Structure formats: C-alpha cells, structure tokens
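Shown next: coords-v8.pdb, containing PDB, C-alpha atoms, pLDDT in the B column.
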ATOM      1  CA  ALA A 102      81.346  43.922  32.082  1.00 92.00           C
ATOM      2  CA  SER A 103      78.143  42.334  33.373  1.00 93.00           C
ATOM      3  CA  VAL A 104      79.613  41.858  36.857  1.00 93.00           C
ATOM      4  CA  LEU A 105      80.858  45.463  36.937  1.00 91.00           C
ATOM      5  CA  THR A 106      77.481  46.771  35.730  1.00 90.00           C
ATOM      6  CA  GLU A 107      75.642  44.831  38.448  1.00 93.00           C
ATOM      7  CA  GLY A 108      78.040  46.152  41.069  1.00 91.00           C
ATOM      8  CA  VAL A 109      77.683  49.766  39.933  1.00 88.00           C
ATOM      9  CA  ILE A 110      73.870  49.574  39.777  1.00 88.00           C
ATOM     10  CA  ASN A 111      73.675  47.974  43.236  1.00 91.00           C
ATOM     11  CA  THR A 112      75.939  50.715  44.584  1.00 91.00           C
ATOM     12  CA  ILE A 113      74.298  53.820  43.129  1.00 88.00           C
ATOM     13  CA  GLY A 114      70.806  52.530  42.287  1.00 86.00           C
ATOM     14  CA  ASP A 115      70.710  53.885  38.732  1.00 85.00           C
ATOM     15  CA  SER A 116      69.875  51.250  36.110  1.00 84.00           C
ATOM     16  CA  ARG A 117      70.978  53.545  33.274  1.00 85.00           C
ATOM     17  CA  VAL A 118      74.662  53.279  34.179  1.00 88.00           C
ATOM     18  CA  LYS A 119      76.305  50.425  32.281  1.00 88.00           C
ATOM     19  CA  VAL A 120      79.798  48.997  31.828  1.00 90.00           C
ATOM     20  CA  THR A 121      80.498  47.522  28.393  1.00 90.00           C
ATOM     21  CA  TYR A 122      83.446  45.805  26.748  1.00 91.00           C
ATOM     22  CA  GLU A 123      83.953  47.163  23.225  1.00 86.00           C
ATOM     23  CA  PRO A 124      87.348  46.429  21.664  1.00 86.00           C
ATOM     24  CA  GLU A 125      86.177  47.889  18.340  1.00 77.00           C
ATOM     25  CA  TYR A 126      84.231  50.872  19.684  1.00 67.00           C
ATOM     26  CA  VAL A 127      83.868  53.759  17.226  1.00 60.00           C
ATOM     27  CA  PRO A 128      82.747  57.132  18.676  1.00 57.00           C
ATOM     28  CA  LEU A 129      79.339  58.280  17.492  1.00 49.00           C
ATOM     29  CA  ALA A 130      80.890  61.233  15.733  1.00 46.00           C
ATOM     30  CA  GLY A 131      82.545  58.789  13.368  1.00 39.00           C
ATOM     31  CA  MET A 132      79.298  57.123  12.361  1.00 40.00           C
ATOM     32  CA  ILE A 133      76.650  58.086   9.850  1.00 37.00           C
ATOM     33  CA  LYS A 134      74.244  59.998  12.032  1.00 38.00           C
ATOM     34  CA  ALA A 135      71.157  60.492   9.911  1.00 46.00           C
ATOM     35  CA  THR A 136      69.014  57.448   9.158  1.00 65.00           C
ATOM     36  CA  ILE A 137      65.705  58.543   7.703  1.00 73.00           C
ATOM     37  CA  LYS A 138      63.149  56.608   5.685  1.00 77.00           C
ATOM     38  CA  VAL A 139      60.364  58.452   3.907  1.00 79.00           C
ATOM     39  CA  GLU A 140      57.265  56.970   2.284  1.00 84.00           C
ATOM     40  CA  VAL A 141      53.833  58.120   1.195  1.00 84.00           C
ATOM     41  CA  LEU A 142      51.296  55.500   2.278  1.00 89.00           C
ATOM     42  CA  ASP A 143      47.832  54.829   0.882  1.00 88.00           C
ATOM     43  CA  GLY A 144      45.436  57.577   1.844  1.00 86.00           C
ATOM     44  CA  ASN A 145      48.074  60.260   1.294  1.00 85.00           C
ATOM     45  CA  ILE A 146      49.684  59.623   4.688  1.00 89.00           C
ATOM     46  CA  ALA A 147      53.301  60.688   5.157  1.00 86.00           C
ATOM     47  CA  TYR A 148      55.372  58.015   6.918  1.00 89.00           C
ATOM     48  CA  LEU A 149      58.661  59.236   8.361  1.00 87.00           C
ATOM     49  CA  LYS A 150      60.862  56.640  10.093  1.00 88.00           C
ATOM     50  CA  ILE A 151      63.766  58.070  12.065  1.00 87.00           C
ATOM     51  CA  GLN A 152      66.468  56.007  13.776  1.00 87.00           C
ATOM     52  CA  HIS A 153      68.654  58.948  14.790  1.00 85.00           C
ATOM     53  CA  ILE A 154      67.316  62.381  15.786  1.00 85.00           C
ATOM     54  CA  ILE A 155      69.492  64.701  13.756  1.00 78.00           C
ATOM     55  CA  GLY A 156      70.741  67.962  15.241  1.00 79.00           C
ATOM     56  CA  GLU A 157      70.105  71.397  13.804  1.00 76.00           C
ATOM     57  CA  GLU A 158      73.405  71.424  11.898  1.00 75.00           C
ATOM     58  CA  MET A 159      72.724  68.089  10.201  1.00 71.00           C
ATOM     59  CA  ALA A 160      69.121  69.122   9.515  1.00 69.00           C
ATOM     60  CA  GLN A 161      70.387  72.046   7.505  1.00 70.00           C
ATOM     61  CA  LYS A 162      72.424  69.639   5.359  1.00 68.00           C
ATOM     62  CA  VAL A 163      69.635  67.129   4.690  1.00 64.00           C
ATOM     63  CA  GLY A 164      66.953  69.818   4.678  1.00 66.00           C
ATOM     64  CA  PRO A 165      66.560  69.920   0.876  1.00 68.00           C
ATOM     65  CA  LEU A 166      65.699  66.191   0.896  1.00 65.00           C
ATOM     66  CA  LEU A 167      63.085  66.675   3.612  1.00 65.00           C
ATOM     67  CA  LEU A 168      61.669  69.605   1.684  1.00 68.00           C
ATOM     68  CA  GLU A 169      61.476  67.630  -1.543  1.00 68.00           C
ATOM     69  CA  TYR A 170      59.972  64.444  -0.135  1.00 61.00           C
ATOM     70  CA  ILE A 171      57.846  65.612   2.793  1.00 58.00           C
ATOM     71  CA  TRP A 172      57.375  69.265   3.654  1.00 62.00           C
ATOM     72  CA  ASP A 173      56.758  70.554   0.119  1.00 63.00           C
ATOM     73  CA  LYS A 174      54.006  67.975  -0.297  1.00 58.00           C
ATOM     74  CA  VAL A 175      52.148  69.427   2.721  1.00 52.00           C
ATOM     75  CA  LEU A 176      50.519  66.066   3.309  1.00 68.00           C
ATOM     76  CA  PRO A 177      47.327  66.141   5.391  1.00 78.00           C
ATOM     77  CA  THR A 178      48.444  63.424   7.831  1.00 86.00           C
ATOM     78  CA  MET A 179      51.775  62.189   9.187  1.00 89.00           C
ATOM     79  CA  ILE A 180      53.066  59.140  11.065  1.00 94.00           C
ATOM     80  CA  LEU A 181      56.403  59.603  12.815  1.00 94.00           C
ATOM     81  CA  ASP A 182      58.017  56.227  13.512  1.00 96.00           C
ATOM     82  CA  PHE A 183      60.373  56.205  16.516  1.00 96.00           C
ATOM     83  CA  HIS A 184      60.127  52.500  17.314  1.00 93.00           C
ATOM     84  CA  SER A 185      63.800  51.933  16.476  1.00 92.00           C
ATOM     85  CA  ALA A 186      65.138  55.418  17.275  1.00 91.00           C
ATOM     86  CA  VAL A 187      67.955  54.918  19.769  1.00 88.00           C
ATOM     87  CA  SER A 188      70.208  57.967  19.442  1.00 85.00           C
ATOM     88  CA  GLY A 189      70.137  61.659  18.658  1.00 86.00           C
ATOM     89  CA  GLU A 190      71.345  65.191  19.217  1.00 88.00           C
ATOM     90  CA  LEU A 191      69.886  67.510  21.867  1.00 90.00           C
ATOM     91  CA  SER A 192      69.733  70.364  19.334  1.00 90.00           C
ATOM     92  CA  GLY A 193      67.314  68.253  17.307  1.00 89.00           C
ATOM     93  CA  ILE A 194      64.601  68.441  19.995  1.00 94.00           C
ATOM     94  CA  PRO A 195      63.424  72.044  19.398  1.00 94.00           C
ATOM     95  CA  TYR A 196      64.102  71.649  15.676  1.00 89.00           C
ATOM     96  CA  ILE A 197      61.745  68.667  15.256  1.00 89.00           C
ATOM     97  CA  VAL A 198      59.088  69.810  17.739  1.00 94.00           C
ATOM     98  CA  SER A 199      58.924  73.232  16.051  1.00 93.00           C
ATOM     99  CA  TYR A 200      57.889  71.643  12.742  1.00 89.00           C
ATOM    100  CA  TYR A 201      54.719  70.416  14.443  1.00 92.00           C
ATOM    101  CA  THR A 202      53.821  73.689  16.160  1.00 93.00           C
ATOM    102  CA  ASP A 203      52.956  77.190  14.975  1.00 92.00           C
ATOM    103  CA  PRO A 204      55.636  79.905  14.706  1.00 93.00           C
ATOM    104  CA  GLU A 205      53.877  82.118  17.254  1.00 92.00           C
ATOM    105  CA  PRO A 206      53.652  82.199  20.166  1.00 94.00           C
ATOM    106  CA  LEU A 207      56.966  80.582  21.027  1.00 96.00           C
ATOM    107  CA  ILE A 208      56.590  77.556  23.293  1.00 96.00           C
ATOM    108  CA  HIS A 209      58.780  76.453  26.189  1.00 97.00           C
ATOM    109  CA  ILE A 210      59.350  72.875  25.046  1.00 96.00           C
ATOM    110  CA  ASP A 211      61.713  71.444  27.624  1.00 97.00           C
ATOM    111  CA  SER A 212      64.412  72.203  30.186  1.00 97.00           C
ATOM    112  CA  MET A 213      67.748  70.394  30.283  1.00 96.00           C
ATOM    113  CA  TYR A 214      69.714  70.120  33.503  1.00 96.00           C
ATOM    114  CA  ASN A 215      73.398  69.452  32.822  1.00 94.00           C
ATOM    115  CA  ARG A 216      74.946  67.660  35.785  1.00 92.00           C
ATOM    116  CA  PRO A 217      78.661  68.442  35.204  1.00 92.00           C
ATOM    117  CA  SER A 218      78.033  72.203  34.825  1.00 95.00           C
ATOM    118  CA  ASP A 219      75.042  72.359  37.215  1.00 96.00           C
ATOM    119  CA  ILE A 220      73.261  74.564  34.635  1.00 97.00           C
ATOM    120  CA  THR A 221      69.663  74.274  33.408  1.00 97.00           C
ATOM    121  CA  THR A 222      68.956  75.380  29.835  1.00 96.00           C
ATOM    122  CA  GLU A 223      65.458  76.058  28.512  1.00 97.00           C
ATOM    123  CA  LEU A 224      64.564  74.753  25.057  1.00 97.00           C
ATOM    124  CA  TRP A 225      62.057  76.856  23.110  1.00 97.00           C
ATOM    125  CA  SER A 226      60.293  76.403  19.793  1.00 96.00           C
ATOM    126  CA  MET A 227      61.959  78.089  16.828  1.00 93.00           C
ATOM    127  CA  PRO A 228      60.300  81.046  15.055  1.00 93.00           C
ATOM    128  CA  THR A 229      61.837  80.263  11.655  1.00 89.00           C
ATOM    129  CA  LEU A 230      62.598  76.918  10.008  1.00 85.00           C
ATOM    130  CA  LEU A 231      63.748  75.547   6.698  1.00 78.00           C
ATOM    131  CA  GLY A 232      60.692  75.164   4.483  1.00 74.00           C
ATOM    132  CA  LYS A 233      57.047  74.906   5.534  1.00 77.00           C
ATOM    133  CA  ARG A 234      55.910  73.710   8.934  1.00 83.00           C
ATOM    134  CA  TYR A 235      53.607  70.743   9.238  1.00 84.00           C
ATOM    135  CA  GLY A 236      51.820  72.999  11.677  1.00 84.00           C
ATOM    136  CA  ASN A 237      49.594  72.552  14.692  1.00 89.00           C
ATOM    137  CA  SER A 238      46.327  71.511  13.059  1.00 87.00           C
ATOM    138  CA  LYS A 239      47.067  68.394  10.983  1.00 89.00           C
ATOM    139  CA  PRO A 240      46.958  64.923  12.621  1.00 92.00           C
ATOM    140  CA  LEU A 241      50.232  63.498  13.939  1.00 95.00           C
ATOM    141  CA  VAL A 242      50.789  59.971  15.251  1.00 97.00           C
ATOM    142  CA  ILE A 243      54.092  58.833  16.812  1.00 98.00           C
ATOM    143  CA  LEU A 244      54.991  55.130  16.923  1.00 98.00           C
ATOM    144  CA  THR A 245      57.037  53.890  19.898  1.00 98.00           C
ATOM    145  CA  SER A 246      58.443  50.628  21.212  1.00 98.00           C
ATOM    146  CA  LYS A 247      60.314  49.341  24.243  1.00 97.00           C
ATOM    147  CA  ASN A 248      63.484  50.120  22.255  1.00 95.00           C
ATOM    148  CA  THR A 249      62.695  53.823  21.668  1.00 96.00           C
ATOM    149  CA  LEU A 250      65.473  55.587  23.510  1.00 93.00           C
ATOM    150  CA  ARG A 251      66.890  58.923  24.689  1.00 93.00           C
ATOM    151  CA  VAL A 252      66.255  61.960  22.446  1.00 95.00           C
ATOM    152  CA  ALA A 253      63.382  60.246  20.601  1.00 95.00           C
ATOM    153  CA  GLU A 254      61.725  59.629  23.975  1.00 97.00           C
ATOM    154  CA  ASP A 255      62.056  63.314  24.770  1.00 97.00           C
ATOM    155  CA  VAL A 256      60.521  64.433  21.461  1.00 97.00           C
ATOM    156  CA  ALA A 257      57.612  62.014  21.951  1.00 97.00           C
ATOM    157  CA  TYR A 258      57.071  63.167  25.548  1.00 98.00           C
ATOM    158  CA  CYS A 259      57.150  66.850  24.539  1.00 97.00           C
ATOM    159  CA  LEU A 260      54.656  66.435  21.689  1.00 97.00           C
ATOM    160  CA  LYS A 261      52.413  64.223  23.819  1.00 97.00           C
ATOM    161  CA  ASN A 262      52.186  66.766  26.643  1.00 97.00           C
ATOM    162  CA  LEU A 263      51.683  69.621  24.205  1.00 96.00           C
ATOM    163  CA  LYS A 264      48.603  67.627  23.088  1.00 96.00           C
ATOM    164  CA  ARG A 265      50.123  67.718  19.629  1.00 96.00           C
ATOM    165  CA  ALA A 266      50.567  63.991  18.946  1.00 97.00           C
ATOM    166  CA  THR A 267      48.935  60.653  19.676  1.00 97.00           C
ATOM    167  CA  ILE A 268      51.467  58.051  20.846  1.00 98.00           C
ATOM    168  CA  VAL A 269      50.798  54.515  19.588  1.00 98.00           C
ATOM    169  CA  GLY A 270      52.812  51.425  20.499  1.00 98.00           C
ATOM    170  CA  GLU A 271      54.734  50.337  23.581  1.00 98.00           C
ATOM    171  CA  ASN A 272      56.098  52.104  26.654  1.00 98.00           C
ATOM    172  CA  THR A 273      59.521  53.469  25.717  1.00 97.00           C
ATOM    173  CA  ALA A 274      62.821  52.302  27.221  1.00 95.00           C
ATOM    174  CA  GLY A 275      63.142  55.000  29.885  1.00 94.00           C
ATOM    175  CA  GLY A 276      66.735  55.872  29.134  1.00 91.00           C
ATOM    176  CA  THR A 277      68.332  59.253  29.656  1.00 91.00           C
ATOM    177  CA  VAL A 278      68.465  62.237  27.336  1.00 93.00           C
ATOM    178  CA  LYS A 279      72.267  62.372  27.214  1.00 91.00           C
ATOM    179  CA  ILE A 280      74.971  59.851  28.096  1.00 89.00           C
ATOM    180  CA  ASP A 281      78.732  60.244  28.175  1.00 90.00           C
ATOM    181  CA  LYS A 282      80.751  57.156  27.355  1.00 89.00           C
ATOM    182  CA  ILE A 283      83.941  57.127  29.426  1.00 91.00           C
ATOM    183  CA  LYS A 284      86.882  54.862  28.624  1.00 92.00           C
ATOM    184  CA  VAL A 285      88.167  53.034  31.691  1.00 91.00           C
ATOM    185  CA  GLY A 286      91.935  53.584  31.802  1.00 92.00           C
ATOM    186  CA  ASP A 287      93.968  51.788  29.154  1.00 92.00           C
ATOM    187  CA  THR A 288      91.338  49.101  28.557  1.00 92.00           C
ATOM    188  CA  ASP A 289      88.489  48.353  26.172  1.00 93.00           C
ATOM    189  CA  PHE A 290      85.922  48.852  28.952  1.00 94.00           C
ATOM    190  CA  TYR A 291      83.582  51.843  28.828  1.00 94.00           C
ATOM    191  CA  VAL A 292      81.206  53.291  31.415  1.00 93.00           C
ATOM    192  CA  SER A 293      78.020  54.937  30.128  1.00 91.00           C
ATOM    193  CA  VAL A 294      76.968  57.679  32.554  1.00 91.00           C
ATOM    194  CA  PRO A 295      73.867  59.940  32.415  1.00 92.00           C
ATOM    195  CA  VAL A 296      75.069  63.558  32.342  1.00 94.00           C
ATOM    196  CA  ALA A 297      71.828  65.464  31.701  1.00 94.00           C
ATOM    197  CA  LYS A 298      68.207  65.339  32.806  1.00 94.00           C
ATOM    198  CA  SER A 299      65.078  66.424  30.969  1.00 96.00           C
ATOM    199  CA  ILE A 300      62.443  68.317  32.981  1.00 96.00           C
ATOM    200  CA  ASN A 301      59.189  68.939  31.137  1.00 97.00           C
ATOM    201  CA  PRO A 302      57.700  72.417  31.814  1.00 97.00           C
ATOM    202  CA  ILE A 303      54.121  71.094  31.603  1.00 97.00           C
ATOM    203  CA  THR A 304      54.403  68.065  33.899  1.00 97.00           C
ATOM    204  CA  SER A 305      57.450  69.228  35.916  1.00 96.00           C
ATOM    205  CA  LYS A 306      58.575  65.612  35.570  1.00 96.00           C
ATOM    206  CA  SER A 307      60.967  63.568  33.476  1.00 95.00           C
ATOM    207  CA  TRP A 308      60.277  60.540  31.290  1.00 96.00           C
ATOM    208  CA  GLU A 309      63.652  59.086  32.259  1.00 94.00           C
ATOM    209  CA  ILE A 310      63.735  55.624  33.895  1.00 91.00           C
ATOM    210  CA  ASP A 311      59.924  55.150  33.600  1.00 94.00           C
ATOM    211  CA  GLY A 312      59.743  55.881  29.865  1.00 96.00           C
ATOM    212  CA  VAL A 313      56.931  57.460  27.832  1.00 98.00           C
ATOM    213  CA  ALA A 314      53.556  55.751  28.118  1.00 98.00           C
ATOM    214  CA  PRO A 315      51.596  55.447  24.852  1.00 98.00           C
ATOM    215  CA  ASP A 316      48.087  56.845  24.445  1.00 98.00           C
ATOM    216  CA  VAL A 317      47.153  53.647  22.608  1.00 98.00           C
ATOM    217  CA  GLU A 318      49.113  50.619  23.815  1.00 98.00           C
ATOM    218  CA  VAL A 319      49.697  47.879  21.245  1.00 98.00           C
ATOM    219  CA  PRO A 320      52.671  45.626  20.382  1.00 97.00           C
ATOM    220  CA  ALA A 321      55.274  47.477  18.333  1.00 97.00           C
ATOM    221  CA  GLU A 322      54.692  45.249  15.304  1.00 97.00           C
ATOM    222  CA  ASP A 323      51.005  46.295  15.256  1.00 97.00           C
ATOM    223  CA  ALA A 324      51.585  50.015  15.829  1.00 97.00           C
ATOM    224  CA  LEU A 325      51.683  51.149  12.187  1.00 97.00           C
ATOM    225  CA  GLU A 326      48.498  49.306  11.257  1.00 97.00           C
ATOM    226  CA  THR A 327      46.795  50.664  14.395  1.00 97.00           C
ATOM    227  CA  ALA A 328      47.921  54.210  13.589  1.00 97.00           C
ATOM    228  CA  ILE A 329      46.518  53.966  10.063  1.00 95.00           C
ATOM    229  CA  THR A 330      43.219  52.688  11.481  1.00 94.00           C
ATOM    230  CA  ILE A 331      43.078  55.585  13.955  1.00 92.00           C
ATOM    231  CA  ILE A 332      43.750  58.103  11.183  1.00 90.00           C
TER     232      ILE A 332
END

Render the structure in this file as structure tokens.
Amino acid sequence: ASVLTEGVINTIGDSRVKVTYEPEYVPLAGMIKATIKVEVLDGNIAYLKIQHIIGEEMAQKVGPLLLEYIWDKVLPTMILDFHSAVSGELSGIPYIVSYYTDPEPLIHIDSMYNRPSDITTELWSMPTLLGKRYGNSKPLVILTSKNTLRVAEDVAYCLKNLKRATIVGENTAGGTVKIDKIKVGDTDFYVSVPVAKSINPITSKSWEIDGVAPDVEVPAEDALETAITII
C-alpha cells in the first residue's frame, strides 16, 4: 500500500490520494457517526468537542440533546473543539455555521465543486434551525490541531473568514472536503480519492492541501487553556 501510494502521488502530484490495505474495512455508514462531548467549564463557558460533523438528518435526531445541554442554556461563551475531528457530512456545514450567525440576512457560506458531476453548489446559511441560535454576538473560539480534517476544516475556515470565530491551536491537516473510498478489484486494497473541492466565497480560495492557519498558534495540548485565557 505504501509503495502504491508513493507511485500514485509521484504520478499525479496530489498528496491527498492514498492507497490503503484494510481487510476489515467497514463503510462509514455502518459506524456510529455522532461523537459529541458537552461540558460546562468554570466561568460558564460551554465546551463542545466534536469528532464527527453530523449532517442535517442526524442533527435532527440528536437535536433534543443539544437543546437540553447547550442551546437552551444560552451560555455567554463557547469553545468548539475540533482538534480530533476527522470526518463529517457536507450537509453539516451550513447547519453548524448557521448556529453561529444571525437568521437574516442569509449568508453565502461556501461553494462545493463536485468533480464527477462537474457541478458547483452554493451553501447558504439556514433561516430556521432547531432551537435557539448561539448568534453572531457572543464569543466563539475553535480549537484545531494538525489532525483536524476535512469537514471540520471547512467549518473552521468558514467561521474564521466570516470573522465569527477565533481559531486557536495548530495548522489543520489540509485534507479535502470529500473523499470517495474505492475498492481495488477483488482485493482488500482501497484508493481514497478527492471528489469535491471547497471554494470560499470570501477568499476565493480553498483550505485544502495547505490547511487552516490558526489566529493564535499554540501546541494542540495547550489550546484549551489558551482559549480560556483569551476568553
């Protein structure tokens, strides 16, 4: 797998394409998708750690929990921890970003170019959501690390360029917003191929490959303490 990966990267020049050997691979759809940890820290700070960016459909299912533990409290300050967020659903991008913006006017959050279909889709903020919004005025800090990947990178990049969040931690991995995992014939080898590209309407650029640079750069293990100090 390593030899094949090196050969593919040297041929096409895209470090995001990888060949892996996974005899016990389970498709993502068969895994538990939502991993969310919620705490209220000293100083009445909401701490929300997300390892998988849930899509709109899943958000509707776990919505009552979010309402009970976070949104209904209307806490004055929030820390969003993405330092171990490595997967997610594209439909979760406008859903999450909308919680940290006002309902009006609607905001063009992102554009997604789908390579197989050659179609670009605009993502806009949502006018209505489940429960109360955190809104546009209360402080928001996002924690990142070199392992922050894909959809979480996109959410961080969107909120950073909307001037809505302060990013604290490390430069993110610089992955791609969506990858298809293709089985190679009748083997246990898989090729991971980028199939979509994020284009930010504010910067006209993508965070892919280079990653999202933090506003305050510190080692990932110091990011939470730094964020609390900033707040």

> What do you get, as number ranges by chain, if you spell out every residue that the PyMOL selection byres ((chain A and resi 223) around 7) selects here?
Replying inline: A: 211-213, 221-222, 224-225

>> When you count only C-alpha atoms, which of these residues is closest to Thr249 in chain A: A:Ser299, A:Thr277, A:Ser103, A:Ser307?
In response: A:Thr277

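If you measure from each of A:Pro177, A:His209, A:Leu325, A:Ala274 to Asn145 in chain A using only C-alpha atoms, the closest one turns out to be A:Pro177.
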
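Each of A:Lys233, A:Lys239, A:Val294, A:Tyr122 was compared to Ile110 in chain A using only C-alpha atoms, and A:Val294 turns out to be the nearest.
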
From (61.8, 75.0, 12.3), in the file's coordinates, out to 6 Å: which residues are reached, counting all atoms listed in the file? Answer as a tab-separated table (two decimals) with C-alpha atoms, keeping the file's coordinate frame.
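Contents of out-v5.tsv, freshly written:
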chain	number	residue	atom	x	y	z
A	196	TYR	CA	64.10	71.65	15.68
A	199	SER	CA	58.92	73.23	16.05
A	200	TYR	CA	57.89	71.64	12.74
A	227	MET	CA	61.96	78.09	16.83
A	229	THR	CA	61.84	80.26	11.66
A	230	LEU	CA	62.60	76.92	10.01
A	231	LEU	CA	63.75	75.55	6.70

Shell around Ile332 in chain A at 12 Å using all atoms listed in the file, local window under 5 positions removed, as a compact mmCIF listing (two decimals) with C-alpha atoms, in the frame of the given file:
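Resulting contents of selection33.txt:
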# COMPACT_ATOMS: atom_id res chain seq x y z
CA LEU A 142 51.30 55.50 2.28
CA ASP A 143 47.83 54.83 0.88
CA GLY A 144 45.44 57.58 1.84
CA ASN A 145 48.07 60.26 1.29
CA ILE A 146 49.68 59.62 4.69
CA ALA A 147 53.30 60.69 5.16
CA PRO A 177 47.33 66.14 5.39
CA THR A 178 48.44 63.42 7.83
CA MET A 179 51.78 62.19 9.19
CA ILE A 180 53.07 59.14 11.06
CA LYS A 239 47.07 68.39 10.98
CA PRO A 240 46.96 64.92 12.62
CA LEU A 241 50.23 63.50 13.94
CA VAL A 242 50.79 59.97 15.25
CA ILE A 243 54.09 58.83 16.81
CA ALA A 266 50.57 63.99 18.95
CA THR A 267 48.94 60.65 19.68
CA VAL A 269 50.80 54.52 19.59
CA LEU A 325 51.68 51.15 12.19
CA GLU A 326 48.50 49.31 11.26
CA THR A 327 46.80 50.66 14.40

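Coordinates place CA of Val187 in chain A at a distance of 6.3 Å from CA of Gln152 in chain A.
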
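If you look at CA of Ala102 in chain A and CA of Ser293 in chain A, they are 11.7 Å away from each other.
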
>> Within 6 Å of (57.8, 66.2, 28.0) (file coordinates; only C-alpha atoms), which protein or nucleic acid residues are there? I'd like them as JSON, numbers by chain.
In response: {"A": [258, 259, 262, 301]}

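Coordinates place CA of Tyr291 in chain A at a distance of 13.4 Å from CA of Val104 in chain A.
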
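If you count only C-alpha atoms and ignore residues fewer than 3 places along the chain from Pro217 in chain A, what sits within 10 Å of it is Tyr214, Ile220, Val296 and Ala297 of chain A.
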
> From the set A:Ile155, A:Ala328, A:Leu260, A:Val285, which residue has the shortest atom-to-atom contact distance to Leu105 in chain A, counting all atoms listed in the file?
Replying inline: A:Val285

List as a PDB file with C-alpha atoms, in the frame of the given file the protein and nucleic acid residues near Leu250 in chain A, meaning an atom at most 7 Å away when all atoms listed in the file are counted, but skip any in the same chain fewer than 4 places from it.
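Writing the result to out_16.pdb gives the following:
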ATOM      1  CA  ALA A 186      65.138  55.418  17.275  1.00 91.00           C
ATOM      2  CA  VAL A 187      67.955  54.918  19.769  1.00 88.00           C
ATOM      3  CA  SER A 188      70.208  57.967  19.442  1.00 85.00           C
ATOM      4  CA  GLU A 254      61.725  59.629  23.975  1.00 97.00           C
ATOM      5  CA  THR A 273      59.521  53.469  25.717  1.00 97.00           C
ATOM      6  CA  ALA A 274      62.821  52.302  27.221  1.00 95.00           C
ATOM      7  CA  GLY A 275      63.142  55.000  29.885  1.00 94.00           C
ATOM      8  CA  GLY A 276      66.735  55.872  29.134  1.00 91.00           C
TER       9      GLY A 276
END

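The closest residue to Ile310 in chain A, picked from A:Asp115, A:Asp255, A:Glu157, A:Glu322 and counting only C-alpha atoms, is A:Asp115.
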
> Counting all atoms listed in the file, what is within 6 Å of Asn237 in chain A, bar same-chain residues fewer than 2 positions away, as a ChimeraX atom specification?
Replying inline: /A:201-203

Written-out range 292-306 of chain A (N, CA and C atoms) as a PDB file, in the first residue's frame:
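Result went into result.pdb, see below:
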ATOM      1  N   VAL A 292      -8.504   2.772  -2.636  1.00  0.00           N
ATOM      2  CA  VAL A 292      -7.913   4.048  -3.041  1.00  0.00           C
ATOM      3  C   VAL A 292      -8.834   5.163  -2.569  1.00  0.00           C
ATOM      4  N   SER A 293      -8.274   6.104  -1.798  1.00  0.00           N
ATOM      5  CA  SER A 293      -9.034   7.268  -1.340  1.00  0.00           C
ATOM      6  C   SER A 293      -8.783   8.423  -2.297  1.00  0.00           C
ATOM      7  N   VAL A 294      -9.850   8.904  -2.938  1.00  0.00           N
ATOM      8  CA  VAL A 294      -9.723   9.906  -4.000  1.00  0.00           C
ATOM      9  C   VAL A 294     -10.566  11.139  -3.687  1.00  0.00           C
ATOM     10  N   PRO A 295      -9.980  12.355  -3.708  1.00  0.00           N
ATOM     11  CA  PRO A 295     -10.774  13.569  -3.524  1.00  0.00           C
ATOM     12  C   PRO A 295     -11.785  13.723  -4.658  1.00  0.00           C
ATOM     13  N   VAL A 296     -13.053  13.950  -4.319  1.00  0.00           N
ATOM     14  CA  VAL A 296     -14.082  14.074  -5.355  1.00  0.00           C
ATOM     15  C   VAL A 296     -14.804  15.419  -5.298  1.00  0.00           C
ATOM     16  N   ALA A 297     -14.440  16.276  -4.356  1.00  0.00           N
ATOM     17  CA  ALA A 297     -15.067  17.595  -4.268  1.00  0.00           C
ATOM     18  C   ALA A 297     -14.032  18.603  -3.799  1.00  0.00           C
ATOM     19  N   LYS A 298     -14.304  19.867  -4.083  1.00  0.00           N
ATOM     20  CA  LYS A 298     -13.398  20.946  -3.688  1.00  0.00           C
ATOM     21  C   LYS A 298     -14.199  22.092  -3.106  1.00  0.00           C
ATOM     22  N   SER A 299     -13.729  22.596  -1.977  1.00  0.00           N
ATOM     23  CA  SER A 299     -14.361  23.753  -1.335  1.00  0.00           C
ATOM     24  C   SER A 299     -13.749  25.042  -1.864  1.00  0.00           C
ATOM     25  N   ILE A 300     -14.600  25.996  -2.233  1.00  0.00           N
ATOM     26  CA  ILE A 300     -14.137  27.316  -2.687  1.00  0.00           C
ATOM     27  C   ILE A 300     -14.847  28.368  -1.847  1.00  0.00           C
ATOM     28  N   ASN A 301     -14.101  29.053  -1.004  1.00  0.00           N
ATOM     29  CA  ASN A 301     -14.693  30.029  -0.098  1.00  0.00           C
ATOM     30  C   ASN A 301     -15.082  31.300  -0.846  1.00  0.00           C
ATOM     31  N   PRO A 302     -16.318  31.805  -0.673  1.00  0.00           N
ATOM     32  CA  PRO A 302     -16.759  32.989  -1.419  1.00  0.00           C
ATOM     33  C   PRO A 302     -16.077  34.285  -0.977  1.00  0.00           C
ATOM     34  N   ILE A 303     -15.478  34.287   0.215  1.00  0.00           N
ATOM     35  CA  ILE A 303     -14.807  35.497   0.704  1.00  0.00           C
ATOM     36  C   ILE A 303     -13.376  35.565   0.188  1.00  0.00           C
ATOM     37  N   THR A 304     -12.647  34.448   0.274  1.00  0.00           N
ATOM     38  CA  THR A 304     -11.244  34.434  -0.134  1.00  0.00           C
ATOM     39  C   THR A 304     -11.045  33.974  -1.582  1.00  0.00           C
ATOM     40  N   SER A 305     -12.086  33.346  -2.145  1.00  0.00           N
ATOM     41  CA  SER A 305     -11.991  32.715  -3.479  1.00  0.00           C
ATOM     42  C   SER A 305     -10.907  31.647  -3.516  1.00  0.00           C
ATOM     43  N   LYS A 306     -10.572  31.105  -2.341  1.00  0.00           N
ATOM     44  CA  LYS A 306      -9.542  30.085  -2.233  1.00  0.00           C
ATOM     45  C   LYS A 306     -10.091  28.886  -1.470  1.00  0.00           C
TER      46      LYS A 306
END
